[in-house]
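Below: one structure, written as structure tokens.
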Amino acid sequence: MSSSAKEAILYRIRTALHDVPPTEQPDDVAITRAYRQQDDRPHAQVVEQFVEMTVDYKAIVHHMSEADLPARIAQSCQDRNLRRLLVPADLPTAWLPAYEGLEIVTDDPSHPFANADLDATDGVLTGCALAIAQTGTIVLNSGPNQGRRAITLIPDYHLCVVYADQVVSIVPEAIAALRSSVVEQGKPLTFISGPSATSDIELNRVEGVHGPRTLEVIVVERDPQG
């Protein structure tokens with residue numbers, strides 16, 4: 001950036017702030033939020049939209065009851081012939097698949113795997129913090145059943161369990177729900193909208209560059225008895 005361009009930018013900033021008292025803080029002035037912040041649609045419609053949007057992003061999606069979850073996880077892993085499945089340390093035991101030839105490897109926060117070891121796994125199984133129907137997005141915040149951020153960025157395959165009651169309708173609802181984990185706990189957020197993909201200047205799509213090449217999502221209706 002040339003010095004003249006820099007000076008022009010700084011001049012505009014100073015001009016915009018000329019009537020702002022030097023002691024004023026960002027929270028001192030309320031900002032009008034004119035956009036929609038809540039959606040009152042029936043939740044079943046919200047979940048249906050999430051499924052549709054996630055499929056549109058070229059993810060594999062299943063929608064089922066909680067009772068069918070363990071069998072679906074095992075079937076998904078067998079269908080891909082996984083031999084080393086990475087899981088966070090607090091993943092529910094009931095989620096862990098078991099079949100001949102499969103090794104479950106646990107990423108313990110006190111002794112985390114090196115990136116090369118993460119890359120040597122065939123895939124990762126996690127839960128999520130929440131999901132957004134409007135954008136078909138899954139959000140991770142290193143909370144329960146999610147593990148640290150790296151374990152969902154390096155393996156080539158991500159199998160993610162999303163409970164239907166974790167799905168919110170629109171982005172502002174998600175931001176409100178995630179605020180405390182960021183502001184109070186300082187947790188990083190990972191937003192996942194379909195498998196990792198990018199395009200070069202000629203619009204050639206390449207998958208798996210910045211994260212898992214394949215995203216498989218299991219949307220689960222929680223057992224009312226549980």
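In the structure tokens, the first chain shown is A, the next is B, and so on; residue numbers restart at 1 for each chain, and ligands run from 1 in the order shown.
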Shell around Phe191 in chain A at 12 Å using only C-alpha atoms, local window under 3 positions removed, as an MDAnalysis selection string: chainID A and resid 128:132 135:142 149 152:153 171 174:175 178 188 194:196 211
Report as CSV the residues of range 92-174 of chain A within 7 Å of range 67-83 of chain A, each with its shortest atom pair and distance in Å (one decimal), using only C-alpha atoms, ordered by chain and increasing residue number.
residue,atom,partner,partner_atom,distance
A:Ala94,CA,A:Pro70,CA,6.4
A:Trp95,CA,A:Pro70,CA,5.2
A:Pro97,CA,A:Ala74,CA,4.7
A:Ala98,CA,A:Ala74,CA,6.9
A:Gly101,CA,A:Arg83,CA,6.0
A:Leu102,CA,A:Arg83,CA,4.5
A:Glu103,CA,A:Arg83,CA,5.8
A:Asp122,CA,A:Leu82,CA,5.8
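Interatomic distance, CA of Ile154 in chain A against CA of Ser169 in chain A: 28.7 Å.
Of note, CA of Ala150 in chain A and CA of Glu202 in chain A are spaced 29.9 Å apart.
The set of residues in range 126-202 of chain A assigned to strand (DSSP E) by DSSP, using only backbone atoms of this structure, is A:Thr126, A:Leu130, A:Ala131, A:Ile132, A:Thr137, A:Ile138, A:Val139, A:Leu140, A:Tyr157, A:His158, A:Leu159, A:Cys160, A:Val161, A:Val162, A:Tyr163, A:Val167, A:Val168, A:Thr190, A:Phe191, A:Ile192, A:Ala197, A:Thr198, A:Ser199.
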From CA of Leu17 in chain A to CA of Ser4 in chain A the spacing works out at 20.1 Å
- request: Any chance you could list, as a VMD selection string, the residues in range 71-174 of chain A that come up helix (DSSP H, G or I) when DSSP is run on the backbone?
  value: chain A and resid 71 to 79 93 to 95 115 to 119 149 to 152 164 to 166 171 to 174
Dump C-alpha atoms for the selected residues as an mmCIF file, in the first residue's frame?
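Once everything was written out, this is part.cif:
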data_model
loop_
_atom_site.group_PDB
_atom_site.id
_atom_site.type_symbol
_atom_site.label_atom_id
_atom_site.label_comp_id
_atom_site.auth_asym_id
_atom_site.auth_seq_id
_atom_site.Cartn_x
_atom_site.Cartn_y
_atom_site.Cartn_z
ATOM 1 C CA ALA A 71 -26.167 -49.168 14.016
ATOM 2 C CA ARG A 72 -25.995 -46.246 11.571
ATOM 3 C CA ILE A 73 -22.561 -45.206 12.811
ATOM 4 C CA ALA A 74 -21.259 -48.757 12.460
ATOM 5 C CA GLN A 75 -22.758 -49.109 8.979
ATOM 6 C CA SER A 76 -21.285 -45.804 7.797
ATOM 7 C CA CYS A 77 -17.829 -46.818 9.004
ATOM 8 C CA GLN A 78 -18.090 -50.261 7.419
ATOM 9 C CA ASP A 79 -19.348 -48.820 4.137
ATOM 10 C CA THR A 93 -19.436 -45.368 24.458
ATOM 11 C CA ALA A 94 -22.707 -46.267 22.730
ATOM 12 C CA TRP A 95 -21.546 -44.403 19.626
ATOM 13 C CA ASN A 115 -0.746 -33.802 12.995
ATOM 14 C CA ALA A 116 0.980 -36.641 11.136
ATOM 15 C CA ASP A 117 -0.788 -39.175 13.366
ATOM 16 C CA LEU A 118 -4.137 -37.473 12.737
ATOM 17 C CA ASP A 119 -3.483 -37.689 9.021
ATOM 18 C CA ARG A 149 -10.268 -28.304 16.488
ATOM 19 C CA ALA A 150 -7.469 -30.138 14.660
ATOM 20 C CA ILE A 151 -9.118 -33.560 14.783
ATOM 21 C CA THR A 152 -11.914 -32.432 12.446
ATOM 22 C CA ALA A 164 -32.390 -32.441 15.967
ATOM 23 C CA ASP A 165 -32.792 -30.240 19.039
ATOM 24 C CA GLN A 166 -29.337 -28.772 18.319
ATOM 25 C CA VAL A 171 -27.567 -17.435 11.893
ATOM 26 C CA PRO A 172 -28.449 -14.807 14.558
ATOM 27 C CA GLU A 173 -29.949 -17.566 16.721
ATOM 28 C CA ALA A 174 -26.696 -19.512 16.420
#
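Shortest atom-to-atom contact with Met64 in chain A among A:Ile201, A:Gly123, A:Gly186, A:Val162: A:Val162, counting only C-alpha atoms.
The closest residue to Ser110 in chain A, picked from A:Ile170, A:Ala89, A:Val220, A:Val183 and counting only C-alpha atoms, is A:Ala89.
Proximity to Arg222 in chain A was assessed for A:Val182, A:Ala120, A:Val161, A:Ile13 counting only C-alpha atoms; the smallest distance is recorded for A:Val161.
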Judged by only C-alpha atoms, the minimum distance to Ser65 in chain A among A:Tyr163, A:Asp27, A:Arg205, A:Val46 is found for A:Tyr163
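You can rank A:Arg148, A:Pro155, A:Val168, A:Thr54 by their closest distance to Asp40 in chain A using only C-alpha atoms, and at the top of that list sits A:Val168.
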